[in-house]
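*Asks:* Before I ask anything, let me first share the structure, which is written out below as structure tokens.
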Amino acid sequence: MERYMVIVTIFCMVITRISCCDIVKLTFPSGFKIGTASAAYQVEGAWNVSDKGENIWDHWTHNYPEYIRDGRNGDVACNSYYKYKEDVALIKSIGFDFYRFSISWSRVLPNGFANEINEEGIQYYKNLTEELLANGIEPIVTIYHWDHPMILEELGGWTNELMVEWFADYARVIFDALGPLVKTFITINEPSVYCGNGYNTTRHSPGKVLENMGHYICIHNTLKAHATVYHMYDDEYRSEQQGQISLTTQCDGWYLNDDSNATLVDQAFQFNCGWVVHPVFVGDYPEIMKTRIAMISELEGYPFSRLPEFSDEWVEYIKGTADFFGLNHYTSYILTADPDEESGIYNIDSGIIKSVNTSYPVGSLAWMSIAPEGFGNLLRMIRDQYDNPPVQIFENGYCDLGELDDYDRITYYNSYMTELLSVINNDNCNVVRYTAWSLMDNFEWSDGYTVNFGIVSVNLTDPDRARTSKLSTSWWRSVMETRTVQDVPTSV
Ligand code: PNW
């Protein structure tokens with residue numbers, strides 16, 4: 001009998017421990033910040049109101065609608081220029097700690113340069129920032145989220161090194177106007193995405209296909225621009241404004257399978273994430289990028305590498321220009337080495353073929369597979385490669401077809417946040433912030449309004465763009481109330 005009691009007692013202890021620890025593990029650490037995000041062109045609308053100038057997305061969508069899946073544009077988008085108070089009320093009702101939004105360069109500087117500042121444009125961002133603060137929501141500002149003024153593109157855009165100075169002039173206007181109120185700045189959103197899509201393919205504006213090197217030149221100038229603005233903040237604003245500043249980078253995750261090995265994973269990681277991050281956290285481009293692109297360029301007959309070189313001064317100047325590691329992450333891929341390379345044929349600079357794991361659920365975009373373990377792999381790699389920096393996640397989210405009963409979105413958030421808490425608790429990854437992309441359904445670049453990332457639904461054919469709750473709106477409300485990842489509700 002006594003023995004029986006001991007067994008029962010141990011059993012009860014084990015059960016209690018499991019349930020107690022499960023609860024602890026799904027709760028965010030104290031001080032951890034959770035919020036949501038948007039970007040100017042995707043939500044604001046009011047494209048030609050109050051002296052706003054034309055930007056590269058206005059130009060692209062108006063002149064080449066055939067490159068947008070539904071032929072539509074951001075002229076009205078979510079109408080947030082007029083409805084920002086309603087947006088803030090929504091964010092408050094869900095309980096988010098912060099809101100990440102971006103500034104439209106051509107709304108602030110209609111002709112791109114700082115010789116003419118549009119006070120009405122600045123006033124909009126001041127109003128939004130003050131509305132957030134009045135409601136206890138921290139404002140986070142992205143200075144550049146892909147929509148530079150068209151005149152700058154006519155002058156070469158990110159392929160022109162003068163963009164470094166133009167961007168710095170613009171950032172100065174933002175620090176002067178908003179710096180007293182905003183304590184977290186993101187200089188630039190996802191360099192590898194807009195450089196890759198806009199200067200090597202026609203997927204994104206400006207849609208220039210430039211000799212398989214436009215994207216490298218774009219990143220080169222982008223990193224210089226980012227570093228220049230970081231130093232400017234450091235030298236002229238930080239002591240008074242007391243904020244933090246960095247850039248945010250899109251990094252893929254990956255599956256480990258029988259074919260993957262450390263070399264293959266590292267090569268894929270360096271060509272995707274390291275391309276932007278290595279110069280900032282370690283110094284210069286990753287070695288594997290420099291050697292492979294130089295070798296392939298030579299085979300192609302170029303007298304130089306298609307990957308530009310930084311001078312020693314620039315390497316030093318760019319290195320260390322991050323107060324935190326800004327990460328945007330969505331999905332993971334199966335990695336395969338390009339088999340043609342065995343016969344000396346180099347099709348891809350990275351040498352890696354990325355494919356979507358079809359045995360996993362996929363969202364409304366072909367690349368969007370739900371693969372939380374890939375997120376964990378990525379976060380551990382960032383911890384190891386860059387000396388466990390404080391990571392602030394600025395985008396993570398799921399696209400569907402706009403269903404109000406969005407169980408798949410909840411499944412995505414549930415599994416990615418569970419994985420996140422696991423790497424924080426078990427692997428010592430230093431993640432301090434998480435952002436759900438996106439607050440509401442909006443203009444999804446080349447996919448127009450055909451796919452939806454919102455936690456809140458927007459009627460994108462109603463001239464007023466009415467907002468409606470989804471199932472994930474209330475799911476997120478419970479997450480924020482409890483600061484704990486909630487179960488996925490069962491569908492009826
Ligand atoms: C980001 N990928 O772009 C952008 O920052 C957002 O503006 C956009 O709405 C959001 O993610 C959803 O697409 C990405 O291929 C584009 O992995 C492509 C990828 C990831 C992010």
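Every chain in the structure tokens has a letter given in the order shown (A, B, ...), and although residue numbers restart at 1 in each chain, ligands are simply numbered from 1 in the order shown.
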Excluding segment 399-412 of chain A and any residue of its chain fewer than 5 positions from it, enumerate the residues within 6 Å of it, using only C-alpha atoms, and give them as a PyMOL selection string.

*Replies:* chain A and resi 363-364+451-453+470-472+488

*Asks:* Selected residues, N, CA and C atoms, written as a PDB file, in the first residue's frame, please.

*Replies:*
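Output below, filename out-v9.pdb:
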ATOM      1  N   GLY A 363       0.697  28.548 -47.267  1.00  0.00           N
ATOM      2  CA  GLY A 363      -0.308  29.610 -47.292  1.00  0.00           C
ATOM      3  C   GLY A 363      -0.666  30.007 -48.714  1.00  0.00           C
ATOM      4  N   SER A 364      -1.209  31.222 -48.873  1.00  0.00           N
ATOM      5  CA  SER A 364      -1.681  31.640 -50.192  1.00  0.00           C
ATOM      6  C   SER A 364      -0.558  32.135 -51.101  1.00  0.00           C
ATOM      7  N   VAL A 451      -3.568  38.434 -51.700  1.00  0.00           N
ATOM      8  CA  VAL A 451      -3.227  37.628 -50.517  1.00  0.00           C
ATOM      9  C   VAL A 451      -3.248  38.558 -49.308  1.00  0.00           C
ATOM     10  N   ASN A 452      -3.513  37.990 -48.152  1.00  0.00           N
ATOM     11  CA  ASN A 452      -3.758  38.836 -46.980  1.00  0.00           C
ATOM     12  C   ASN A 452      -2.964  38.368 -45.762  1.00  0.00           C
ATOM     13  N   PHE A 453      -2.295  39.317 -45.147  1.00  0.00           N
ATOM     14  CA  PHE A 453      -1.485  39.030 -43.959  1.00  0.00           C
ATOM     15  C   PHE A 453      -2.110  39.581 -42.675  1.00  0.00           C
ATOM     16  N   LYS A 470     -11.101  39.557 -37.262  1.00  0.00           N
ATOM     17  CA  LYS A 470     -10.996  38.152 -37.657  1.00  0.00           C
ATOM     18  C   LYS A 470     -10.919  37.329 -36.369  1.00  0.00           C
ATOM     19  N   LEU A 471     -10.913  36.016 -36.535  1.00  0.00           N
ATOM     20  CA  LEU A 471     -10.723  35.152 -35.370  1.00  0.00           C
ATOM     21  C   LEU A 471      -9.368  35.459 -34.717  1.00  0.00           C
ATOM     22  N   SER A 472      -8.370  35.744 -35.556  1.00  0.00           N
ATOM     23  CA  SER A 472      -7.046  36.008 -34.973  1.00  0.00           C
ATOM     24  C   SER A 472      -6.999  37.329 -34.212  1.00  0.00           C
ATOM     25  N   VAL A 488      -4.778  26.895 -30.296  1.00  0.00           N
ATOM     26  CA  VAL A 488      -5.530  27.156 -31.525  1.00  0.00           C
ATOM     27  C   VAL A 488      -6.959  26.707 -31.249  1.00  0.00           C
TER      28      VAL A 488
END

*Asks:* If you take only C-alpha atoms and all ligand atoms and a cut-off of 8 Å, which residues of chain A touch ligand 1, and what are their nearest atom pairs and distances in Å to one decimal, in chain and number order, as a tab-separated table?

*Replies:*
residue	atom	partner	partner_atom_place_in_ligand_line	distance
A:Ser38	CA	ligand 1	7 (O)	7.2
A:Ala39	CA	ligand 1	7 (O)	6.2
A:Gln42	CA	ligand 1	7 (O)	7.2
A:His145	CA	ligand 1	7 (O)	7.2
A:Asn189	CA	ligand 1	5 (O)	6.2
A:Glu190	CA	ligand 1	5 (O)	6.2
A:Val193	CA	ligand 1	16 (C)	6.1
A:Gln250	CA	ligand 1	20 (C)	6.1
A:Cys251	CA	ligand 1	17 (O)	7.5
A:Asp252	CA	ligand 1	17 (O)	6.3
A:Asn328	CA	ligand 1	21 (C)	7.0
A:His329	CA	ligand 1	20 (C)	6.7
A:Tyr330	CA	ligand 1	17 (O)	5.8
A:Thr331	CA	ligand 1	17 (O)	6.2
A:Trp367	CA	ligand 1	15 (O)	6.4
A:Met368	CA	ligand 1	17 (O)	7.5
A:Glu395	CA	ligand 1	11 (O)	6.9
A:Asn396	CA	ligand 1	11 (O)	7.9
A:Gly397	CA	ligand 1	12 (C)	7.6
A:Cys399	CA	ligand 1	12 (C)	7.8
A:Trp437	CA	ligand 1	10 (C)	7.0
A:Ser438	CA	ligand 1	9 (O)	7.5
A:Asn442	CA	ligand 1	9 (O)	7.9
A:Phe443	CA	ligand 1	9 (O)	7.5
A:Glu444	CA	ligand 1	9 (O)	5.2
A:Trp445	CA	ligand 1	9 (O)	6.9
A:Phe453	CA	ligand 1	12 (C)	7.1

*Asks:* Which polymer residues have any atom within 7 Å of an atom of Gly45 of chain A, counting only C-alpha atoms, with same-chain residues fewer than 5 positions away left out, as a list in words?

*Replies:*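 Everything that qualifies: Gly74, Asp75, Val76, Ala77, Cys78, Asn79, Ser80 and Tyr81 of chain A.
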
*Asks:* Using backbone DSSP assignments, extract all strand (DSSP E or B) residues from segment 186-382 of chain A; output them as a list in words.

*Replies:*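 So, restricting segment 186-382 of chain A to strand (DSSP E or B), we get Ile186, Thr187, Ile188, Asn189, Gln244, Ile245, Ser246, Leu247, Thr248, Thr249, Gln250, Gly253, Trp254, Phe325, Gly326, Leu327, Asn328, Ser332, Tyr333, Ile334, Leu335, Thr336, Ala337, Ile352, Ile353, Lys354, Ser355, Val362 and Ser369 of chain A.
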
*Asks:* Using 12 Å as the limit and counting only C-alpha atoms, can you tabulate each residue of segment 281-350 of chain A that touches segment 203-223 of chain A, with its shortest atom-to-atom distance in Å and the two atoms involved, as JSON lines?

*Replies:*
{"residue": "A:Phe281", "atom": "CA", "partner": "A:Leu223", "partner_atom": "CA", "distance": 11.9}
{"residue": "A:Gly283", "atom": "CA", "partner": "A:Leu223", "partner_atom": "CA", "distance": 11.4}
{"residue": "A:Asp284", "atom": "CA", "partner": "A:Leu223", "partner_atom": "CA", "distance": 10.3}
{"residue": "A:Tyr285", "atom": "CA", "partner": "A:His220", "partner_atom": "CA", "distance": 9.7}
{"residue": "A:Met289", "atom": "CA", "partner": "A:Tyr216", "partner_atom": "CA", "distance": 10.9}
{"residue": "A:Lys290", "atom": "CA", "partner": "A:Tyr216", "partner_atom": "CA", "distance": 11.4}
{"residue": "A:Ile293", "atom": "CA", "partner": "A:Met213", "partner_atom": "CA", "distance": 10.3}
{"residue": "A:Ile296", "atom": "CA", "partner": "A:Asn212", "partner_atom": "CA", "distance": 11.6}
{"residue": "A:Ser297", "atom": "CA", "partner": "A:Asn212", "partner_atom": "CA", "distance": 10.1}
{"residue": "A:Glu300", "atom": "CA", "partner": "A:Asn212", "partner_atom": "CA", "distance": 11.3}
{"residue": "A:Tyr302", "atom": "CA", "partner": "A:Glu211", "partner_atom": "CA", "distance": 11.1}
{"residue": "A:Phe304", "atom": "CA", "partner": "A:Met213", "partner_atom": "CA", "distance": 11.4}
{"residue": "A:Ser305", "atom": "CA", "partner": "A:Met213", "partner_atom": "CA", "distance": 9.3}
{"residue": "A:Arg306", "atom": "CA", "partner": "A:Met213", "partner_atom": "CA", "distance": 5.5}
{"residue": "A:Leu307", "atom": "CA", "partner": "A:Tyr216", "partner_atom": "CA", "distance": 5.7}
{"residue": "A:Pro308", "atom": "CA", "partner": "A:Ile217", "partner_atom": "CA", "distance": 6.7}
{"residue": "A:Glu309", "atom": "CA", "partner": "A:His220", "partner_atom": "CA", "distance": 8.5}
{"residue": "A:Phe310", "atom": "CA", "partner": "A:His220", "partner_atom": "CA", "distance": 8.1}
{"residue": "A:Ser311", "atom": "CA", "partner": "A:His220", "partner_atom": "CA", "distance": 11.4}
{"residue": "A:Trp314", "atom": "CA", "partner": "A:Leu223", "partner_atom": "CA", "distance": 9.5}
{"residue": "A:Val315", "atom": "CA", "partner": "A:Leu223", "partner_atom": "CA", "distance": 10.1}
{"residue": "A:Tyr317", "atom": "CA", "partner": "A:Leu223", "partner_atom": "CA", "distance": 10.0}
{"residue": "A:Ile318", "atom": "CA", "partner": "A:Leu223", "partner_atom": "CA", "distance": 7.0}
{"residue": "A:Lys319", "atom": "CA", "partner": "A:Leu223", "partner_atom": "CA", "distance": 10.0}
{"residue": "A:Gly320", "atom": "CA", "partner": "A:Leu223", "partner_atom": "CA", "distance": 11.8}
{"residue": "A:Thr321", "atom": "CA", "partner": "A:Leu223", "partner_atom": "CA", "distance": 9.7}
{"residue": "A:Ala322", "atom": "CA", "partner": "A:Leu223", "partner_atom": "CA", "distance": 11.5}
{"residue": "A:Asn347", "atom": "CA", "partner": "A:Asn212", "partner_atom": "CA", "distance": 11.5}
{"residue": "A:Ile348", "atom": "CA", "partner": "A:Asn212", "partner_atom": "CA", "distance": 10.3}
{"residue": "A:Asp349", "atom": "CA", "partner": "A:Asn212", "partner_atom": "CA", "distance": 9.7}

*Asks:* Using DSSP secondary structure from the backbone, list all alpha helix (DSSP H) positions within segment 176-220 of chain A, as a VMD selection string.

*Replies:* chain A and resid 176 to 178 191 to 198 214 to 220
